[in-house]
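To start, the structure itself, in structure tokens.
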Amino acid sequence: MSLVFVETIPYNSISSLLRKVAYGLATTCVLGTAVYIGYSVASPDNHSSKRYRNPELNDEIEKVVSSLKLNDEQLKHIMHCLEEEMNAGLSSETHKQATIKMFPSFVRHIPDGTERGQVLALDLGGTNFRVLSIKLRGNSHIELTSKIFLVPQSAMIGDGKRLFRHLVECLAEFMKKEHLLQSGICYPLGFTFSFPCKQESLASARLTTWTKGFSCADVINEDVVKLLQDAIDEKGINVKCAALVNDTVGTLMACAYKEPATSIGLILGTGTNACYIEDLDKVGTWNGDHDEPKQVIINMEWGAFGDNGCLNHIRTKYDEEVDLSSINPGQQTFEKMISGMYMGEIVRLIILDLLQRELLFLGHRDTYGDYKTPIYNRGGFYTKFVSTVETDEGIKFSNTRRVLEDIGIRNPTFDDCVIVQHICRQVSKRAARLAGAGLAVLINRMGKPTVTIGVDGSLYRYHPRFKRNMERSMEGLVNKDFKFKFALSDDGSGKGAALVACVAAHNAPELLTKHTREIIDDKTSEANSD
């Protein structure tokens with residue numbers, strides 16, 4: 001027989017337990033109510049955070065952002081306009097009035113990987129300036145030594161001679177370190193000069209306009225190779241500038257050293273430009289011979305596309321404000337919609353517009369009265385911030401929060417981060433689709449079954465979505481019979497200039513021999529006078 005023991009709980013204990021449970025529930029309700037009231041008070045009237053979780057569902061925000069969106073039909077119209085402008089630039093009759101200048105580069109031979117020799121190169125394309133020593137070993141093998149120098153603001157906007165003297169001082173410093181000075185050898189030099197030029201020969205080009213923040217006096221319409229060589233001779237160093245190449249042509253040449261199918265060069269960085277191989281028969285401005293190969297690389301200078309107003313229908317008020325506040329209003333329209341120098345500023349202007357219209361940073365506007373913070377200042381939102389914001393995945397938005405705090409936005413909410421990322425994505429996507437449309441024109445025009453596009457530039461290298469968005473836009477615009485692929489240039493502008501200079505030195509060795517003899521004679525005369 002089993003015994004069951006039942007423990008009787010005293011009534012007083014039950015009463016005490018119930019009282020504790022009741023007190024706990026009451027306390028929880030009071031705290032919950034307080035939190036809810038506090039949140040409601042802190043939130044702006046008549047605004048619900050859920051309304052902003054998906055910016056595309058907010059009509060006012062989407063109205064702002066939709067002005068950046070381009071469909072395939074719009075892109076096809078832009079492609080048609082671009083090809084018309086290209087033809088105008090290539091025609092001798094309309095070249096002077098054309099906005100896209102389509103300059104022949106005088107580079108006609110594409111490297112095949114067998115080139116040999118030691119060449120120097122200078123690469124000027126922005127605020128950084130590089131000096132390179134390049135040894136071409138054949139079999140597509142290259143040994144490279146380089147050093148980066150800064151171009152001070154005073155040299156970017158001062159007297160032109162000061163700029164070129166600064167470049168040569170850097171060159172001499174580099175050559176001394178590499179034991180190349182006064183070696184009895186005159187080294188051929190390739191000069192990568194990434195600004196619009198009218199090329200008159202392989203080693204002669206006149207600057208047509210400054211871009212990228214440069215505005216040196218007494219350089220426009222002058223032969224920049226001569227200005228550089230004059231500074232070199234003044235310094236008395238053993239170098240002869242054998243070729244001038246812009247960064248886009250250099251990128252094509254450098255990629256072709258390893259990828260012979262490379263037919264397009266593309267720069268997507270501080271600025272943007274493209275070049276491609278054109279048949280000589282289509283180049284009305286060509287004044288050279290028509291020997292084989294009957295082709296020449298065309299430096300498009302496509303950043304000026306739209307300067308005649310043909311892109312006004314897709315420009316936004318933010319594009320117009322960026323243009324008006326730039327150092328070259330009315331110029332480089334296409335570049336200002338694509339390149340790294342301007343992308344961050346477009347994003348900043350949109351953010352500021354939404355902030356002022358109370359569509360962003362709700363409940364925090366009173367804390368943003370400090371007009372010294374970056375968000376209120378031109379250039380305060382760097383293009384690298386666009387890349388950083390777009391790397392965020394998930395709901396933490398740690399990178400976006402850090403960027404917003406860097407520009408003076410304290411304690412951004414989840415909704416703030418969602419909206420800012422949406423803005424960045426739409427601005428960069430528009431840039432990628434425009435670039436893709438431009439490339440589609442070139443691929444369709446050349447009609448080659450397979451084309452490799454050599455690309456360089458920080459925007460292409462570091463933006464997490466740019467390449468993918470560009471390729472997607474091209475898939476619907478390139479003729480289905482043509483295949484294309486991208487090749488990231490490995491130090492393209494420097495290597496490309498060296499390759500062109502190497503070919504030039506091989507074809508005209510007497511120029512280097514003559515220049516070496518002049519240098520030795522000058523040094524001998526100086527020694528005798530001492």
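Numbering starts fresh at 1 for the residues of each chain in the structure tokens, the chains themselves are lettered A, B, ... in the order given, and ligands are numbered from 1 as they appear.
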
Spatial neighbours of A:Ile351, max dist 12 Å, only C-alpha atoms, sep filter under 2 positions, as a short mmCIF file (atom, residue, chain, number, x, y, z; two decimals) with N, CA and C atoms, in the first residue's frame:
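For reference, out08.cif as written:
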```cif
data_model
loop_
_atom_site.label_atom_id
_atom_site.label_comp_id
_atom_site.auth_asym_id
_atom_site.auth_seq_id
_atom_site.Cartn_x
_atom_site.Cartn_y
_atom_site.Cartn_z
N ILE A 61 10.28 60.80 -50.90
CA ILE A 61 11.67 60.40 -51.06
C ILE A 61 11.89 59.80 -52.44
N VAL A 64 12.29 62.25 -55.27
CA VAL A 64 13.64 62.82 -55.36
C VAL A 64 14.59 61.84 -56.04
N VAL A 65 14.56 60.59 -55.60
CA VAL A 65 15.52 59.60 -56.08
C VAL A 65 15.18 59.14 -57.51
N TYR A 318 20.41 68.60 -58.73
CA TYR A 318 21.65 68.36 -57.99
C TYR A 318 22.85 68.40 -58.94
N GLY A 344 30.23 61.93 -54.66
CA GLY A 344 29.95 62.18 -53.25
C GLY A 344 29.21 63.49 -53.03
N GLU A 345 29.52 64.49 -53.85
CA GLU A 345 28.85 65.79 -53.72
C GLU A 345 27.39 65.69 -54.12
N ILE A 346 27.08 64.90 -55.14
CA ILE A 346 25.68 64.70 -55.52
C ILE A 346 24.91 64.07 -54.36
N VAL A 347 25.51 63.07 -53.72
CA VAL A 347 24.87 62.43 -52.57
C VAL A 347 24.65 63.44 -51.45
N ARG A 348 25.66 64.26 -51.16
CA ARG A 348 25.53 65.26 -50.08
C ARG A 348 24.37 66.21 -50.35
N LEU A 349 24.25 66.67 -51.59
CA LEU A 349 23.18 67.62 -51.91
C LEU A 349 21.80 66.99 -51.75
N ASP A 353 19.00 68.15 -49.03
CA ASP A 353 17.65 68.48 -49.50
C ASP A 353 16.60 67.74 -48.68
N LEU A 354 16.80 66.45 -48.46
CA LEU A 354 15.85 65.66 -47.67
C LEU A 354 15.81 66.11 -46.22
N LEU A 355 16.97 66.49 -45.70
CA LEU A 355 17.04 66.99 -44.32
C LEU A 355 16.23 68.28 -44.19
N GLN A 356 16.39 69.18 -45.11
CA GLN A 356 15.68 70.46 -45.05
C GLN A 356 14.18 70.30 -45.27
N ARG A 357 13.80 69.23 -45.97
CA ARG A 357 12.38 68.98 -46.22
C ARG A 357 11.77 68.05 -45.16
N GLU A 358 12.53 67.79 -44.10
CA GLU A 358 12.08 66.94 -42.99
C GLU A 358 11.69 65.54 -43.44
N LEU A 359 12.47 65.01 -44.37
CA LEU A 359 12.29 63.64 -44.83
C LEU A 359 13.42 62.73 -44.36
N LEU A 360 14.36 63.30 -43.63
CA LEU A 360 15.53 62.54 -43.18
C LEU A 360 16.00 63.09 -41.85
N PHE A 361 16.53 62.20 -40.99
CA PHE A 361 17.01 62.56 -39.65
C PHE A 361 15.88 63.19 -38.83
N PRO A 374 30.61 68.87 -41.88
CA PRO A 374 30.81 68.54 -43.30
C PRO A 374 29.54 68.47 -44.13
N ILE A 375 28.43 68.05 -43.54
CA ILE A 375 27.21 67.89 -44.31
C ILE A 375 26.76 69.20 -44.95
N TYR A 376 27.14 70.33 -44.35
CA TYR A 376 26.73 71.63 -44.86
C TYR A 376 27.77 72.26 -45.78
N GLY A 380 31.99 67.85 -48.52
CA GLY A 380 32.00 67.24 -47.19
C GLY A 380 31.67 65.76 -47.17
N PHE A 381 31.06 65.26 -48.24
CA PHE A 381 30.73 63.84 -48.34
C PHE A 381 31.60 63.25 -49.45
N LEU A 404 28.04 58.70 -41.33
CA LEU A 404 27.15 59.79 -40.95
C LEU A 404 27.69 60.57 -39.75
N ILE A 407 30.32 63.01 -40.84
CA ILE A 407 29.87 64.25 -41.48
C ILE A 407 28.98 65.07 -40.55
N ILE A 409 26.45 63.92 -38.30
CA ILE A 409 25.11 63.42 -37.94
C ILE A 409 25.26 62.49 -36.75
N ASP A 416 17.31 56.33 -40.95
CA ASP A 416 18.26 57.26 -41.56
C ASP A 416 19.27 56.50 -42.42
N CYS A 417 19.79 55.42 -41.87
CA CYS A 417 20.80 54.62 -42.57
C CYS A 417 20.24 53.98 -43.83
N ILE A 419 17.77 55.09 -45.70
CA ILE A 419 17.54 56.12 -46.71
C ILE A 419 18.86 56.57 -47.33
N VAL A 420 19.88 56.80 -46.51
CA VAL A 420 21.18 57.25 -47.02
C VAL A 420 21.78 56.18 -47.94
N GLN A 421 21.68 54.91 -47.56
CA GLN A 421 22.20 53.86 -48.43
C GLN A 421 21.43 53.81 -49.75
N HIS A 422 20.12 54.02 -49.69
CA HIS A 422 19.31 54.04 -50.91
C HIS A 422 19.77 55.16 -51.85
N ILE A 423 20.05 56.31 -51.30
CA ILE A 423 20.53 57.45 -52.10
C ILE A 423 21.86 57.10 -52.75
N CYS A 424 22.80 56.57 -51.96
CA CYS A 424 24.12 56.22 -52.49
C CYS A 424 24.00 55.20 -53.63
N VAL A 427 22.64 56.90 -56.88
CA VAL A 427 23.61 57.80 -57.51
C VAL A 427 24.70 56.99 -58.22
#
```

With a cut-off of 9 Å, could you pull out the residues of stretch 250-322 of chain A touching stretch 467-488 of chain A and give me the nearest pair of atoms for each, distance in Å to one decimal, using only C-alpha atoms, ordered by chain and ascending number, as a tab-separated table?
```
residue	atom	partner	partner_atom	distance
A:Cys255	CA	A:Ala487	CA	7.0
A:Glu259	CA	A:Ala487	CA	8.2
A:Thr262	CA	A:Ala487	CA	8.5
```

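For the choices A:Pro111, A:Gly408, A:Gly309, A:Gly213, the atom-to-atom distance to A:Val500 is smallest for A:Pro111 when using only C-alpha atoms.
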
Counting only C-alpha atoms, what is within 12 Å of A:Pro293, bar same-chain residues fewer than 4 positions away, as a PDB file with N, CA, C and O atoms, in the first residue's frame?
```pdb
ATOM      1  N   PHE A 106      47.981  58.996 -82.040  1.00  0.00           N
ATOM      2  CA  PHE A 106      49.176  58.654 -82.809  1.00  0.00           C
ATOM      3  C   PHE A 106      49.782  57.325 -82.360  1.00  0.00           C
ATOM      4  O   PHE A 106      50.873  56.967 -82.767  1.00  0.00           O
ATOM      5  N   VAL A 107      49.074  56.615 -81.512  1.00  0.00           N
ATOM      6  CA  VAL A 107      49.488  55.262 -81.123  1.00  0.00           C
ATOM      7  C   VAL A 107      48.720  54.284 -82.008  1.00  0.00           C
ATOM      8  O   VAL A 107      47.492  54.208 -81.947  1.00  0.00           O
ATOM      9  N   ARG A 108      49.458  53.536 -82.816  1.00  0.00           N
ATOM     10  CA  ARG A 108      48.819  52.652 -83.791  1.00  0.00           C
ATOM     11  C   ARG A 108      49.161  51.180 -83.572  1.00  0.00           C
ATOM     12  O   ARG A 108      48.425  50.295 -84.001  1.00  0.00           O
ATOM     13  N   HIS A 109      50.291  50.920 -82.967  1.00  0.00           N
ATOM     14  CA  HIS A 109      50.714  49.535 -82.717  1.00  0.00           C
ATOM     15  C   HIS A 109      50.332  49.133 -81.291  1.00  0.00           C
ATOM     16  O   HIS A 109      50.632  49.848 -80.331  1.00  0.00           O
ATOM     17  N   ILE A 110      49.714  47.993 -81.148  1.00  0.00           N
ATOM     18  CA  ILE A 110      49.324  47.463 -79.842  1.00  0.00           C
ATOM     19  C   ILE A 110      50.393  46.466 -79.407  1.00  0.00           C
ATOM     20  O   ILE A 110      50.853  45.633 -80.205  1.00  0.00           O
ATOM     21  N   ILE A 277      40.152  51.575 -80.340  1.00  0.00           N
ATOM     22  CA  ILE A 277      40.865  51.464 -81.611  1.00  0.00           C
ATOM     23  C   ILE A 277      39.885  51.741 -82.754  1.00  0.00           C
ATOM     24  O   ILE A 277      38.873  51.051 -82.896  1.00  0.00           O
ATOM     25  N   GLU A 278      40.211  52.750 -83.562  1.00  0.00           N
ATOM     26  CA  GLU A 278      39.345  53.154 -84.670  1.00  0.00           C
ATOM     27  C   GLU A 278      40.046  52.927 -86.009  1.00  0.00           C
ATOM     28  O   GLU A 278      41.267  53.037 -86.109  1.00  0.00           O
ATOM     29  N   ASP A 279      39.261  52.598 -87.032  1.00  0.00           N
ATOM     30  CA  ASP A 279      39.795  52.477 -88.386  1.00  0.00           C
ATOM     31  C   ASP A 279      40.216  53.854 -88.889  1.00  0.00           C
ATOM     32  O   ASP A 279      39.471  54.838 -88.730  1.00  0.00           O
ATOM     33  N   LEU A 280      41.375  53.928 -89.548  1.00  0.00           N
ATOM     34  CA  LEU A 280      41.860  55.209 -90.048  1.00  0.00           C
ATOM     35  C   LEU A 280      40.894  55.842 -91.034  1.00  0.00           C
ATOM     36  O   LEU A 280      40.772  57.074 -91.109  1.00  0.00           O
ATOM     37  N   ASP A 281      40.188  55.028 -91.783  1.00  0.00           N
ATOM     38  CA  ASP A 281      39.262  55.553 -92.789  1.00  0.00           C
ATOM     39  C   ASP A 281      38.133  56.376 -92.164  1.00  0.00           C
ATOM     40  O   ASP A 281      37.516  57.197 -92.849  1.00  0.00           O
ATOM     41  N   ASP A 289      50.368  59.175 -92.021  1.00  0.00           N
ATOM     42  CA  ASP A 289      50.365  58.249 -93.155  1.00  0.00           C
ATOM     43  C   ASP A 289      49.250  57.211 -93.000  1.00  0.00           C
ATOM     44  O   ASP A 289      48.644  57.080 -91.931  1.00  0.00           O
ATOM     45  N   ILE A 297      44.552  54.570 -82.041  1.00  0.00           N
ATOM     46  CA  ILE A 297      43.782  54.679 -80.800  1.00  0.00           C
ATOM     47  C   ILE A 297      43.244  56.104 -80.700  1.00  0.00           C
ATOM     48  O   ILE A 297      43.995  57.074 -80.814  1.00  0.00           O
TER      49      ILE A 297
END
```

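Nearest to A:Pro196 of all the residues A:Met300, A:Val503, A:Ala88, A:Ile443 is A:Met300, counting only C-alpha atoms.
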
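Shortest atom-to-atom contact with A:Met102 among A:Leu82, A:Leu311, A:Met446, A:Val386: A:Leu82, counting only C-alpha atoms.
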
* To do: From a DSSP calculation on the backbone, collect every residue of stretch 317-524 of chain A in strand (DSSP E) and output the set as a PyMOL selection string.
  => chain A and resi 450-456+483-488

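Proximity of A:Glu178, A:Asp230, A:Glu169, A:Asp247 to A:Ser133, computed with only C-alpha atoms, is greatest for A:Glu178.
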
* Hey, what's within 9 Å of stretch 456-459 of chain A if we count only C-alpha atoms and toss same-chain stuff fewer than 5 positions away? As an MDAnalysis selection string, please? -> chainID A and resid 247:248 251 265:272 339:340 383:384 387 466 487:493
